[in-house]
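Source file: structure_3.pdb (PDB, C-alpha atoms and all ligand atoms)
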```
ATOM      1  CA  MET Q 721       0.000   0.000   0.000  1.00  0.00           C
ATOM      2  CA  SER Q 722       1.295   3.472  -0.782  1.00  0.00           C
ATOM      3  CA  ALA Q 723       2.580   5.520   2.141  1.00  0.00           C
ATOM      4  CA  ASP Q 724       1.876   8.766   0.274  1.00  0.00           C
ATOM      5  CA  ALA Q 725       0.650  11.186   2.933  1.00  0.00           C
ATOM      6  CA  SER Q 726       0.297  14.155   0.628  1.00  0.00           C
ATOM      7  CA  PRO Q 727      -3.131  15.780   0.850  1.00  0.00           C
ATOM      8  CA  LYS Q 728      -5.755  14.742  -1.660  1.00  0.00           C
ATOM      9  CA  PRO Q 729      -6.758  17.573  -4.002  1.00  0.00           C
ATOM     10  CA  ALA Q 730     -10.156  17.889  -2.334  1.00  0.00           C
ATOM     11  CA  ASP Q 731      -8.451  18.328   1.034  1.00  0.00           C
ATOM     12  CA  ALA Q 732      -6.025  21.033  -0.017  1.00  0.00           C
ATOM     13  CA  PRO Q 733      -6.847  24.691   0.638  1.00  0.00           C
ATOM     14  CA  VAL Q 734      -8.566  26.145  -2.416  1.00  0.00           C
ATOM     15  CA  ASP Q 735      -6.287  28.595  -4.245  1.00  0.00           C
ATOM     16  CA  HIS Q 736      -8.905  30.613  -6.109  1.00  0.00           C
ATOM     17  CA  GLY Q 737      -6.467  32.958  -7.832  1.00  0.00           C
ATOM     18  CA  ARG Q 738      -4.378  30.099  -9.245  1.00  0.00           C
ATOM     19  CA  ARG Q 739      -7.424  28.112 -10.284  1.00  0.00           C
ATOM     20  CA  ALA Q 740      -8.814  31.105 -12.200  1.00  0.00           C
ATOM     21  CA  LEU Q 741      -5.439  31.733 -13.804  1.00  0.00           C
ATOM     22  CA  LEU Q 742      -5.223  28.134 -15.029  1.00  0.00           C
ATOM     23  CA  ARG Q 743      -8.653  28.516 -16.568  1.00  0.00           C
ATOM     24  CA  GLY Q 744      -7.509  31.599 -18.429  1.00  0.00           C
ATOM     25  CA  ARG Q 745      -9.721  34.132 -16.720  1.00  0.00           C
ATOM     26  CA  PRO Q 746      -8.923  36.891 -14.259  1.00  0.00           C
ATOM     27  CA  ALA Q 747      -9.220  36.003 -10.586  1.00  0.00           C
ATOM     28  CA  GLY Q 748     -12.248  37.450  -8.836  1.00  0.00           C
ATOM     29  CA  PRO Q 749     -12.306  38.144  -5.124  1.00  0.00           C
ATOM     30  CA  PRO Q 750     -12.005  35.030  -2.954  1.00  0.00           C
ATOM     31  CA  PRO Q 751     -15.279  33.797  -1.453  1.00  0.00           C
ATOM     32  CA  VAL Q 752     -16.523  34.978   1.902  1.00  0.00           C
ATOM     33  CA  ARG Q 753     -16.544  31.970   4.211  1.00  0.00           C
ATOM     34  CA  PRO Q 754     -18.785  31.693   7.302  1.00  0.00           C
ATOM     35  CA  PRO Q 755     -17.707  33.532  10.438  1.00  0.00           C
ATOM     36  CA  TRP Q 756     -15.309  31.921  12.910  1.00  0.00           C
ATOM     37  CA  THR Q 757     -13.528  29.836  10.267  1.00  0.00           C
ATOM     38  CA  ASP Q 758     -11.310  30.169   7.201  1.00  0.00           C
ATOM     39  CA  GLU Q 759     -10.134  28.362   4.065  1.00  0.00           C
ATOM     40  CA  ALA Q 760      -7.530  26.262   5.848  1.00  0.00           C
ATOM     41  CA  ARG Q 761      -9.862  25.014   8.581  1.00  0.00           C
ATOM     42  CA  LEU Q 762     -12.573  24.243   6.034  1.00  0.00           C
ATOM     43  CA  ALA Q 763     -10.132  22.341   3.827  1.00  0.00           C
ATOM     44  CA  ASP Q 764      -8.918  20.329   6.824  1.00  0.00           C
ATOM     45  CA  ALA Q 765     -12.169  19.458   8.548  1.00  0.00           C
ATOM     46  CA  CYS Q 766     -15.293  20.262   6.528  1.00  0.00           C
ATOM     47  CA  THR Q 767     -17.076  17.149   5.189  1.00  0.00           C
ATOM     48  CA  ARG Q 768     -19.458  19.313   3.106  1.00  0.00           C
ATOM     49  CA  CYS Q 769     -22.384  17.882   5.071  1.00  0.00           C
ATOM     50  CA  GLY Q 770     -24.387  21.107   4.753  1.00  0.00           C
ATOM     51  CA  ALA Q 771     -25.412  21.280   8.425  1.00  0.00           C
ATOM     52  CA  CYS Q 772     -24.380  24.922   8.715  1.00  0.00           C
ATOM     53  CA  LEU Q 773     -26.286  25.844   5.553  1.00  0.00           C
ATOM     54  CA  SER Q 774     -29.502  24.406   6.954  1.00  0.00           C
ATOM     55  CA  ALA Q 775     -28.968  25.995  10.358  1.00  0.00           C
ATOM     56  CA  CYS Q 776     -28.502  29.596   9.228  1.00  0.00           C
ATOM     57  CA  PRO Q 777     -31.699  31.525  10.054  1.00  0.00           C
ATOM     58  CA  GLU Q 778     -30.785  34.221   7.540  1.00  0.00           C
ATOM     59  CA  ASP Q 779     -30.300  31.795   4.619  1.00  0.00           C
ATOM     60  CA  ILE Q 780     -27.024  33.440   3.664  1.00  0.00           C
ATOM     61  CA  LEU Q 781     -24.937  30.249   3.602  1.00  0.00           C
ATOM     62  CA  VAL Q 782     -24.608  28.395   0.302  1.00  0.00           C
ATOM     63  CA  ALA Q 783     -22.447  25.584  -1.074  1.00  0.00           C
ATOM     64  CA  GLY Q 784     -19.570  27.518  -2.584  1.00  0.00           C
ATOM     65  CA  SER Q 785     -16.427  26.558  -4.457  1.00  0.00           C
ATOM     66  CA  GLY Q 786     -15.352  22.985  -3.795  1.00  0.00           C
ATOM     67  CA  GLY Q 787     -18.690  22.370  -2.061  1.00  0.00           C
ATOM     68  CA  LEU Q 788     -17.464  24.297   0.958  1.00  0.00           C
ATOM     69  CA  PRO Q 789     -19.825  26.683   2.714  1.00  0.00           C
ATOM     70  CA  ALA Q 790     -19.697  30.285   1.566  1.00  0.00           C
ATOM     71  CA  VAL Q 791     -21.662  33.422   2.339  1.00  0.00           C
ATOM     72  CA  ASP Q 792     -23.948  34.904  -0.291  1.00  0.00           C
ATOM     73  CA  PHE Q 793     -25.608  38.019   1.057  1.00  0.00           C
ATOM     74  CA  HIS Q 794     -27.945  38.043  -1.944  1.00  0.00           C
ATOM     75  CA  ALA Q 795     -29.114  34.442  -1.452  1.00  0.00           C
ATOM     76  CA  GLY Q 796     -31.607  35.051   1.323  1.00  0.00           C
ATOM     77  CA  GLY Q 797     -31.455  38.821   1.260  1.00  0.00           C
ATOM     78  CA  GLY Q 798     -30.317  38.637   4.844  1.00  0.00           C
ATOM     79  CA  GLU Q 799     -27.356  39.555   6.944  1.00  0.00           C
ATOM     80  CA  CYS Q 800     -25.158  37.756   9.423  1.00  0.00           C
ATOM     81  CA  ILE Q 801     -26.606  38.286  12.882  1.00  0.00           C
ATOM     82  CA  PHE Q 802     -23.666  36.435  14.492  1.00  0.00           C
ATOM     83  CA  CYS Q 803     -26.104  34.002  16.103  1.00  0.00           C
ATOM     84  CA  HIS Q 804     -23.626  31.069  16.256  1.00  0.00           C
ATOM     85  CA  ALA Q 805     -26.145  28.658  14.698  1.00  0.00           C
ATOM     86  CA  CYS Q 806     -23.621  27.599  12.044  1.00  0.00           C
ATOM     87  CA  VAL Q 807     -20.996  26.948  14.712  1.00  0.00           C
ATOM     88  CA  ASP Q 808     -23.375  24.962  16.901  1.00  0.00           C
ATOM     89  CA  ALA Q 809     -24.653  22.858  13.986  1.00  0.00           C
ATOM     90  CA  CYS Q 810     -21.248  21.770  12.730  1.00  0.00           C
ATOM     91  CA  PRO Q 811     -20.237  18.266  13.904  1.00  0.00           C
ATOM     92  CA  GLU Q 812     -16.596  18.711  12.864  1.00  0.00           C
ATOM     93  CA  PRO Q 813     -13.769  20.918  14.225  1.00  0.00           C
ATOM     94  CA  VAL Q 814     -14.283  23.543  11.527  1.00  0.00           C
ATOM     95  CA  PHE Q 815     -15.144  26.560  13.624  1.00  0.00           C
ATOM     96  CA  GLU Q 816     -13.149  28.424  16.255  1.00  0.00           C
ATOM     97  CA  ALA Q 817     -15.874  29.885  18.448  1.00  0.00           C
ATOM     98  CA  GLU Q 818     -13.415  32.020  20.405  1.00  0.00           C
ATOM     99  CA  ARG Q 819     -12.111  33.832  17.329  1.00  0.00           C
ATOM    100  CA  ASP Q 820     -12.514  37.580  17.764  1.00  0.00           C
ATOM    101  CA  PRO Q 821     -13.414  39.221  15.485  1.00  0.00           C
ATOM    102  CA  PRO Q 822     -15.229  36.323  13.804  1.00  0.00           C
ATOM    103  CA  TRP Q 823     -14.007  37.423  10.351  1.00  0.00           C
ATOM    104  CA  ARG Q 824     -12.177  40.253   8.625  1.00  0.00           C
ATOM    105  CA  LEU Q 825     -14.142  41.559   5.687  1.00  0.00           C
ATOM    106  CA  SER Q 826     -13.844  44.673   3.613  1.00  0.00           C
ATOM    107  CA  VAL Q 827     -16.850  46.570   2.245  1.00  0.00           C
ATOM    108  CA  THR Q 828     -16.535  48.649  -0.902  1.00  0.00           C
ATOM    109  CA  ILE Q 829     -19.007  50.793  -2.816  1.00  0.00           C
ATOM    110  CA  ALA Q 830     -18.626  51.081  -6.584  1.00  0.00           C
ATOM    111  CA  GLN Q 831     -18.935  54.771  -7.399  1.00  0.00           C
ATOM    112  CA  ASP Q 832     -19.946  54.109 -10.994  1.00  0.00           C
ATOM    113  CA  ARG Q 833     -23.046  52.276  -9.753  1.00  0.00           C
ATOM    114  CA  CYS Q 834     -23.911  54.258  -6.629  1.00  0.00           C
ATOM    115  CA  LEU Q 835     -26.926  56.526  -7.250  1.00  0.00           C
ATOM    116  CA  PRO Q 836     -25.802  59.660  -5.352  1.00  0.00           C
ATOM    117  CA  HIS Q 837     -22.655  59.750  -7.480  1.00  0.00           C
ATOM    118  CA  ALA Q 838     -25.022  60.108 -10.451  1.00  0.00           C
ATOM    119  CA  GLY Q 839     -26.978  62.867  -8.730  1.00  0.00           C
ATOM    120  CA  VAL Q 840     -29.839  60.670  -7.414  1.00  0.00           C
ATOM    121  CA  HIS Q 841     -30.652  60.761  -3.703  1.00  0.00           C
ATOM    122  CA  CYS Q 842     -30.282  57.352  -1.990  1.00  0.00           C
ATOM    123  CA  GLU Q 843     -29.216  56.394   1.518  1.00  0.00           C
ATOM    124  CA  ALA Q 844     -30.571  52.828   1.644  1.00  0.00           C
ATOM    125  CA  CYS Q 845     -27.272  51.316   2.734  1.00  0.00           C
ATOM    126  CA  ARG Q 846     -26.916  53.673   5.665  1.00  0.00           C
ATOM    127  CA  ASP Q 847     -30.485  53.040   6.764  1.00  0.00           C
ATOM    128  CA  ALA Q 848     -29.798  49.287   6.808  1.00  0.00           C
ATOM    129  CA  CYS Q 849     -26.490  49.403   8.672  1.00  0.00           C
ATOM    130  CA  PRO Q 850     -26.915  48.424  12.339  1.00  0.00           C
ATOM    131  CA  GLU Q 851     -23.500  49.784  13.291  1.00  0.00           C
ATOM    132  CA  GLY Q 852     -23.602  53.321  11.930  1.00  0.00           C
ATOM    133  CA  ALA Q 853     -20.672  52.340   9.729  1.00  0.00           C
ATOM    134  CA  ILE Q 854     -21.778  54.225   6.606  1.00  0.00           C
ATOM    135  CA  ARG Q 855     -21.459  57.998   6.647  1.00  0.00           C
ATOM    136  CA  PHE Q 856     -22.895  60.296   4.041  1.00  0.00           C
ATOM    137  CA  ALA Q 857     -20.680  63.273   3.423  1.00  0.00           C
ATOM    138  CA  PRO Q 858     -22.383  66.465   2.218  1.00  0.00           C
ATOM    139  CA  ARG Q 859     -21.046  67.844  -1.032  1.00  0.00           C
ATOM    140  CA  LEU Q 860     -21.677  70.823  -3.243  1.00  0.00           C
ATOM    141  CA  GLY Q 861     -23.806  70.328  -6.326  1.00  0.00           C
ATOM    142  CA  GLY Q 862     -25.292  66.921  -5.515  1.00  0.00           C
ATOM    143  CA  PRO Q 863     -26.711  64.587  -2.872  1.00  0.00           C
ATOM    144  CA  PRO Q 864     -24.415  63.267  -0.125  1.00  0.00           C
ATOM    145  CA  THR Q 865     -22.345  60.225  -1.064  1.00  0.00           C
ATOM    146  CA  PRO Q 866     -21.579  57.184   1.127  1.00  0.00           C
ATOM    147  CA  GLU Q 867     -18.327  56.388   2.842  1.00  0.00           C
ATOM    148  CA  ILE Q 868     -17.573  53.184   4.796  1.00  0.00           C
ATOM    149  CA  LEU Q 869     -16.103  53.554   8.283  1.00  0.00           C
ATOM    150  CA  PRO Q 870     -14.034  50.347   8.557  1.00  0.00           C
ATOM    151  CA  GLU Q 871     -13.453  50.719  12.280  1.00  0.00           C
ATOM    152  CA  ARG Q 872     -17.187  50.319  12.885  1.00  0.00           C
ATOM    153  CA  CYS Q 873     -18.003  47.741  10.225  1.00  0.00           C
ATOM    154  CA  THR Q 874     -18.627  44.170  11.406  1.00  0.00           C
ATOM    155  CA  GLY Q 875     -19.036  42.747   7.887  1.00  0.00           C
ATOM    156  CA  CYS Q 876     -22.632  41.788   8.621  1.00  0.00           C
ATOM    157  CA  GLY Q 877     -23.687  42.383   5.006  1.00  0.00           C
ATOM    158  CA  ALA Q 878     -26.940  44.209   5.790  1.00  0.00           C
ATOM    159  CA  CYS Q 879     -25.965  46.918   3.321  1.00  0.00           C
ATOM    160  CA  VAL Q 880     -25.444  44.537   0.401  1.00  0.00           C
ATOM    161  CA  GLY Q 881     -28.927  43.312  -0.485  1.00  0.00           C
ATOM    162  CA  VAL Q 882     -30.666  46.653   0.053  1.00  0.00           C
ATOM    163  CA  CYS Q 883     -28.662  48.535  -2.549  1.00  0.00           C
ATOM    164  CA  PRO Q 884     -30.888  48.955  -5.617  1.00  0.00           C
ATOM    165  CA  GLU Q 885     -27.844  49.145  -7.875  1.00  0.00           C
ATOM    166  CA  GLU Q 886     -25.805  46.262  -6.406  1.00  0.00           C
ATOM    167  CA  ALA Q 887     -23.062  48.777  -5.735  1.00  0.00           C
ATOM    168  CA  VAL Q 888     -21.965  47.279  -2.410  1.00  0.00           C
ATOM    169  CA  ALA Q 889     -19.450  44.434  -2.358  1.00  0.00           C
ATOM    170  CA  ILE Q 890     -17.913  42.481   0.506  1.00  0.00           C
ATOM    171  CA  ALA Q 891     -14.739  40.441   0.280  1.00  0.00           C
ATOM    172  CA  PRO Q 892     -12.149  39.054   2.672  1.00  0.00           C
ATOM    173  CA  ALA Q 893      -9.934  41.901   3.813  1.00  0.00           C
ATOM    174  CA  ARG Q 894      -6.453  41.844   2.373  1.00  0.00           C
ATOM    175  CA  ARG Q 895      -3.837  41.000   4.955  1.00  0.00           C
ATOM    176  CA  GLU Q 896      -1.521  43.834   5.889  1.00  0.00           C
ATOM    177  CA  ALA Q 897       2.134  43.245   5.153  1.00  0.00           C
ATOM    178  CA  PRO Q 898       4.212  42.608   8.267  1.00  0.00           C
ATOM    179  CA  ALA Q 899       6.019  45.703   9.540  1.00  0.00           C
TER     180      ALA Q 899
HETATM  181  S1  LIG Q 901     -23.663  33.339  12.597  1.00  0.00           S
HETATM  182 FE1  LIG Q 901     -25.882  32.912  12.235  1.00  0.00          FE
HETATM  183  S2  LIG Q 901     -26.509  34.393  10.630  1.00  0.00           S
HETATM  184 FE2  LIG Q 901     -24.231  34.334  10.600  1.00  0.00          FE
HETATM  185  S3  LIG Q 901     -23.697  32.773   9.032  1.00  0.00           S
HETATM  186 FE3  LIG Q 901     -23.765  31.704  11.036  1.00  0.00          FE
HETATM  187  S4  LIG Q 901     -25.868  30.885  11.191  1.00  0.00           S
HETATM  188 FE4  LIG Q 901     -25.893  32.481   9.559  1.00  0.00          FE
HETATM  189  S1  LIG Q 902     -27.753  51.939  -1.287  1.00  0.00           S
HETATM  190 FE1  LIG Q 902     -26.388  51.667  -3.073  1.00  0.00          FE
HETATM  191  S2  LIG Q 902     -26.951  53.294  -4.517  1.00  0.00           S
HETATM  192 FE2  LIG Q 902     -27.825  53.849  -2.500  1.00  0.00          FE
HETATM  193  S3  LIG Q 902     -26.242  55.174  -1.574  1.00  0.00           S
HETATM  194 FE3  LIG Q 902     -25.842  53.082  -0.833  1.00  0.00          FE
HETATM  195  S4  LIG Q 902     -24.345  52.205  -2.273  1.00  0.00           S
HETATM  196 FE4  LIG Q 902     -25.231  54.065  -3.250  1.00  0.00          FE
HETATM  197  S1  LIG Q 903     -21.347  45.250   6.436  1.00  0.00           S
HETATM  198 FE1  LIG Q 903     -20.509  46.982   7.618  1.00  0.00          FE
HETATM  199  S2  LIG Q 903     -21.245  48.811   6.533  1.00  0.00           S
HETATM  200 FE2  LIG Q 903     -22.497  47.096   5.787  1.00  0.00          FE
HETATM  201  S3  LIG Q 903     -24.331  47.075   7.137  1.00  0.00           S
HETATM  202 FE3  LIG Q 903     -22.833  45.672   8.118  1.00  0.00          FE
HETATM  203  S4  LIG Q 903     -21.688  46.955   9.562  1.00  0.00           S
HETATM  204 FE4  LIG Q 903     -22.759  48.360   8.145  1.00  0.00          FE
END
```
Write out the structure in this file as structure tokens.
Ligand code: SF4
Ligand code: SF4
Ligand code: SF4
Amino acid sequence: MSADASPKPADAPVDHGRRALLRGRPAGPPPVRPPWTDEARLADACTRCGACLSACPEDILVAGSGGLPAVDFHAGGGECIFCHACVDACPEPVFEAERDPPWRLSVTIAQDRCLPHAGVHCEACRDACPEGAIRFAPRLGGPPTPEILPERCTGCGACVGVCPEEAVAIAPARREAPA
């Protein structure tokens, strides 16, 4: 019998940028994984059983790349309420319940889609944000435009589904280079 202990392809962390490159298309942002876990822990321990997907009361968890759970804030139109149901439902050591913060996500607003940048009043994202993390700065000659306050943002995603122009995007935050 072979003593090859190298990880099977399905067990290896998913390198989304490399996979896209090999397929000849530009890499999109990596998927948002559920809170309190990450790509490496999912690759090591997730059996793709779907228990977390069924448990999420907001219906924001879907089977993503490689069958691993991913967050789609458009799927149920909901937001993460950090209820722990996904953590509690998982029978494997996928989640780290003590992790604080539960994830590091970055919210961006595409100016070329955002209505106030085109002169149309809209503050739907701010109205939806439970953390007061979207500020509208007054400006001359047009309606106020939104600005994300990262220090307040929890990555809950409440601002994503409410935007009528799909101008709000959330992705894993890029790691800062070591000093
Ligand atoms: S913490 Fe709750 S709302 Fe957030 S992904 Fe898990 S089950 Fe869904
Ligand atoms: S909800 Fe969308 S269109 Fe409206 S201000 Fe926010 S980002 Fe812009
Ligand atoms: S993701 Fe951030 S900016 Fe958007 S609603 Fe949640 S806390 Fe507010």
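Compared by their closest atoms to Glu851 of chain Q, and using all atoms listed in the file, the residues Q:Ile801, Q:Val807, Q:Ala763, Q:Cys834 rank with Q:Ile801 nearest.
Interatomic distance, atom CA of Pro749 of chain Q to atom FE2 of ligand LIG 903 (chain Q): 17.4 Å.
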What would the selection look like, as a compact mmCIF listing (two decimals) with C-alpha atoms, in the frame of the given file, if the PyMOL selection byres (((chain Q and resi 886) around 12) and not hetatm) were run on the coordinates I just shared?
```txt
# COMPACT_ATOMS: atom_id res chain seq x y z
CA PHE Q 793 -25.61 38.02 1.06
CA HIS Q 794 -27.94 38.04 -1.94
CA THR Q 828 -16.54 48.65 -0.90
CA ILE Q 829 -19.01 50.79 -2.82
CA ALA Q 830 -18.63 51.08 -6.58
CA GLN Q 831 -18.93 54.77 -7.40
CA ASP Q 832 -19.95 54.11 -10.99
CA ARG Q 833 -23.05 52.28 -9.75
CA CYS Q 834 -23.91 54.26 -6.63
CA LEU Q 835 -26.93 56.53 -7.25
CA ALA Q 844 -30.57 52.83 1.64
CA CYS Q 845 -27.27 51.32 2.73
CA CYS Q 879 -25.96 46.92 3.32
CA VAL Q 880 -25.44 44.54 0.40
CA GLY Q 881 -28.93 43.31 -0.48
CA VAL Q 882 -30.67 46.65 0.05
CA CYS Q 883 -28.66 48.54 -2.55
CA PRO Q 884 -30.89 48.96 -5.62
CA GLU Q 885 -27.84 49.14 -7.88
CA ALA Q 887 -23.06 48.78 -5.74
CA VAL Q 888 -21.96 47.28 -2.41
CA ALA Q 889 -19.45 44.43 -2.36
CA ILE Q 890 -17.91 42.48 0.51
```
Go through chain Q residue by residue and, counting all atoms listed in the file, keep those with an atom at most 9 Å from ligand LIG 901 (chain Q); for each kept residue give the shortest atom pair and its distance in Å to one decimal, ordered by chain and increasing number, as a Markdown table.
```
| residue | atom | partner | partner_atom | distance |
| --- | --- | --- | --- | --- |
| Q:Arg753 | CA | Q:LIG901 | S3 | 8.7 |
| Q:Pro754 | CA | Q:LIG901 | S3 | 5.3 |
| Q:Pro755 | CA | Q:LIG901 | S3 | 6.2 |
| Q:Trp756 | CA | Q:LIG901 | S1 | 8.5 |
| Q:Cys772 | CA | Q:LIG901 | S4 | 6.6 |
| Q:Leu773 | CA | Q:LIG901 | S4 | 7.6 |
| Q:Ser774 | CA | Q:LIG901 | S4 | 8.6 |
| Q:Ala775 | CA | Q:LIG901 | S4 | 5.8 |
| Q:Cys776 | CA | Q:LIG901 | S4 | 3.5 |
| Q:Pro777 | CA | Q:LIG901 | FE4 | 5.9 |
| Q:Glu778 | CA | Q:LIG901 | S2 | 5.3 |
| Q:Asp779 | CA | Q:LIG901 | FE4 | 6.7 |
| Q:Ile780 | CA | Q:LIG901 | FE4 | 6.1 |
| Q:Leu781 | CA | Q:LIG901 | S3 | 6.1 |
| Q:Ala790 | CA | Q:LIG901 | S3 | 8.8 |
| Q:Val791 | CA | Q:LIG901 | S3 | 7.0 |
| Q:Gly798 | CA | Q:LIG901 | S2 | 8.1 |
| Q:Glu799 | CA | Q:LIG901 | S2 | 6.4 |
| Q:Cys800 | CA | Q:LIG901 | FE2 | 3.7 |
| Q:Ile801 | CA | Q:LIG901 | S2 | 4.5 |
| Q:Phe802 | CA | Q:LIG901 | S1 | 3.6 |
| Q:Cys803 | CA | Q:LIG901 | FE1 | 4.0 |
| Q:His804 | CA | Q:LIG901 | S1 | 4.3 |
| Q:Ala805 | CA | Q:LIG901 | S4 | 4.2 |
| Q:Cys806 | CA | Q:LIG901 | S4 | 4.1 |
| Q:Val807 | CA | Q:LIG901 | FE3 | 6.6 |
| Q:Asp808 | CA | Q:LIG901 | S4 | 8.6 |
| Q:Ala809 | CA | Q:LIG901 | S4 | 8.6 |
| Q:Cys876 | CA | Q:LIG901 | FE2 | 7.9 |
```
* Could you give me, as number ranges by chain, the residues that have an atom at most 12 Å away from the point (-13.1, 28.2, 17.5) in the coordinates of the file, using all atoms listed in the file? => Q: 755-758, 761, 804, 806-808, 810, 812-823
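Closest approach to Gly852 of chain Q among Q:Leu788, Q:Cys873, Q:Leu825, Q:Val752: Q:Cys873, based on all atoms listed in the file.
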Could you work out an axis-aligned box for ligand LIG 903 (chain Q), taking every atom the file lists and adding 6 Å on each side, and report centre and edge lengths in Å to one decimal, as JSON?
```
{"center_x": -22.4, "center_y": 47.0, "center_z": 7.7, "size_x": 15.8, "size_y": 15.6, "size_z": 15.8}
```
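Taking atom CA of Cys769 of chain Q and atom CA of Pro751 of chain Q as the two end points, the separation is 18.6 Å.
Picture a line from atom CA of Gly784 of chain Q to atom CA of Leu762 of chain Q; it runs 11.6 Å.
Nearest-residue note for ligand LIG 902 (chain Q): choosing from Q:Cys766, Q:Ala771, Q:Ala891, Q:Ala878, the minimum distance belongs to Q:Ala878, counting all atoms listed in the file.
Closest approach to ligand LIG 902 (chain Q) among Q:Cys842, Q:Leu869, Q:Ala848, Q:Leu860: Q:Cys842, based on all atoms listed in the file.
You can rank Q:Gly770, Q:Pro789, Q:Pro866, Q:Pro750 by their closest distance to His837 of chain Q using all atoms listed in the file, and at the top of that list sits Q:Pro866.
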Dump segment 866-872 of chain Q with all heavy atoms to a file, as a compact mmCIF listing (two decimals), in the first residue's frame.
```txt
# COMPACT_ATOMS: atom_id res chain seq x y z
N PRO Q 866 -21.93 58.05 0.00
CA PRO Q 866 -21.58 57.18 1.13
C PRO Q 866 -20.07 56.94 1.27
O PRO Q 866 -19.34 56.92 0.28
CB PRO Q 866 -22.30 55.88 0.79
CG PRO Q 866 -22.39 55.86 -0.69
CD PRO Q 866 -22.51 57.30 -1.13
N GLU Q 867 -19.72 56.72 2.51
CA GLU Q 867 -18.33 56.39 2.84
C GLU Q 867 -18.36 55.35 3.96
O GLU Q 867 -19.08 55.51 4.95
CB GLU Q 867 -17.62 57.65 3.33
CG GLU Q 867 -16.20 57.44 3.80
CD GLU Q 867 -15.68 58.66 4.57
OE1 GLU Q 867 -16.39 59.68 4.65
OE2 GLU Q 867 -14.57 58.57 5.11
N ILE Q 868 -17.62 54.25 3.78
CA ILE Q 868 -17.57 53.18 4.80
C ILE Q 868 -16.58 53.57 5.90
O ILE Q 868 -15.48 54.05 5.62
CB ILE Q 868 -17.11 51.85 4.17
CG1 ILE Q 868 -18.02 51.44 3.00
CG2 ILE Q 868 -17.07 50.74 5.23
CD1 ILE Q 868 -19.43 51.09 3.38
N LEU Q 869 -16.99 53.34 7.14
CA LEU Q 869 -16.10 53.55 8.28
C LEU Q 869 -15.63 52.18 8.76
O LEU Q 869 -16.34 51.49 9.51
CB LEU Q 869 -16.85 54.28 9.40
CG LEU Q 869 -17.52 55.61 9.01
CD1 LEU Q 869 -18.29 56.19 10.19
CD2 LEU Q 869 -16.49 56.60 8.50
N PRO Q 870 -14.47 51.73 8.29
CA PRO Q 870 -14.03 50.35 8.56
C PRO Q 870 -13.94 50.02 10.04
O PRO Q 870 -14.15 48.87 10.44
CB PRO Q 870 -12.64 50.27 7.90
CG PRO Q 870 -12.58 51.42 6.96
CD PRO Q 870 -13.48 52.48 7.51
N GLU Q 871 -13.62 51.00 10.85
CA GLU Q 871 -13.45 50.72 12.28
C GLU Q 871 -14.77 50.35 12.95
O GLU Q 871 -14.79 49.77 14.02
CB GLU Q 871 -12.79 51.91 12.98
CG GLU Q 871 -13.62 53.19 13.04
CD GLU Q 871 -13.58 54.04 11.77
OE1 GLU Q 871 -13.07 53.56 10.74
OE2 GLU Q 871 -14.06 55.18 11.82
N ARG Q 872 -15.88 50.67 12.32
CA ARG Q 872 -17.19 50.32 12.89
C ARG Q 872 -17.81 49.10 12.21
O ARG Q 872 -18.75 48.51 12.73
CB ARG Q 872 -18.16 51.49 12.71
CG ARG Q 872 -17.85 52.67 13.58
CD ARG Q 872 -19.05 53.60 13.57
NE ARG Q 872 -18.81 54.77 14.37
CZ ARG Q 872 -19.72 55.70 14.61
NH1 ARG Q 872 -20.93 55.59 14.11
NH2 ARG Q 872 -19.44 56.73 15.35
```
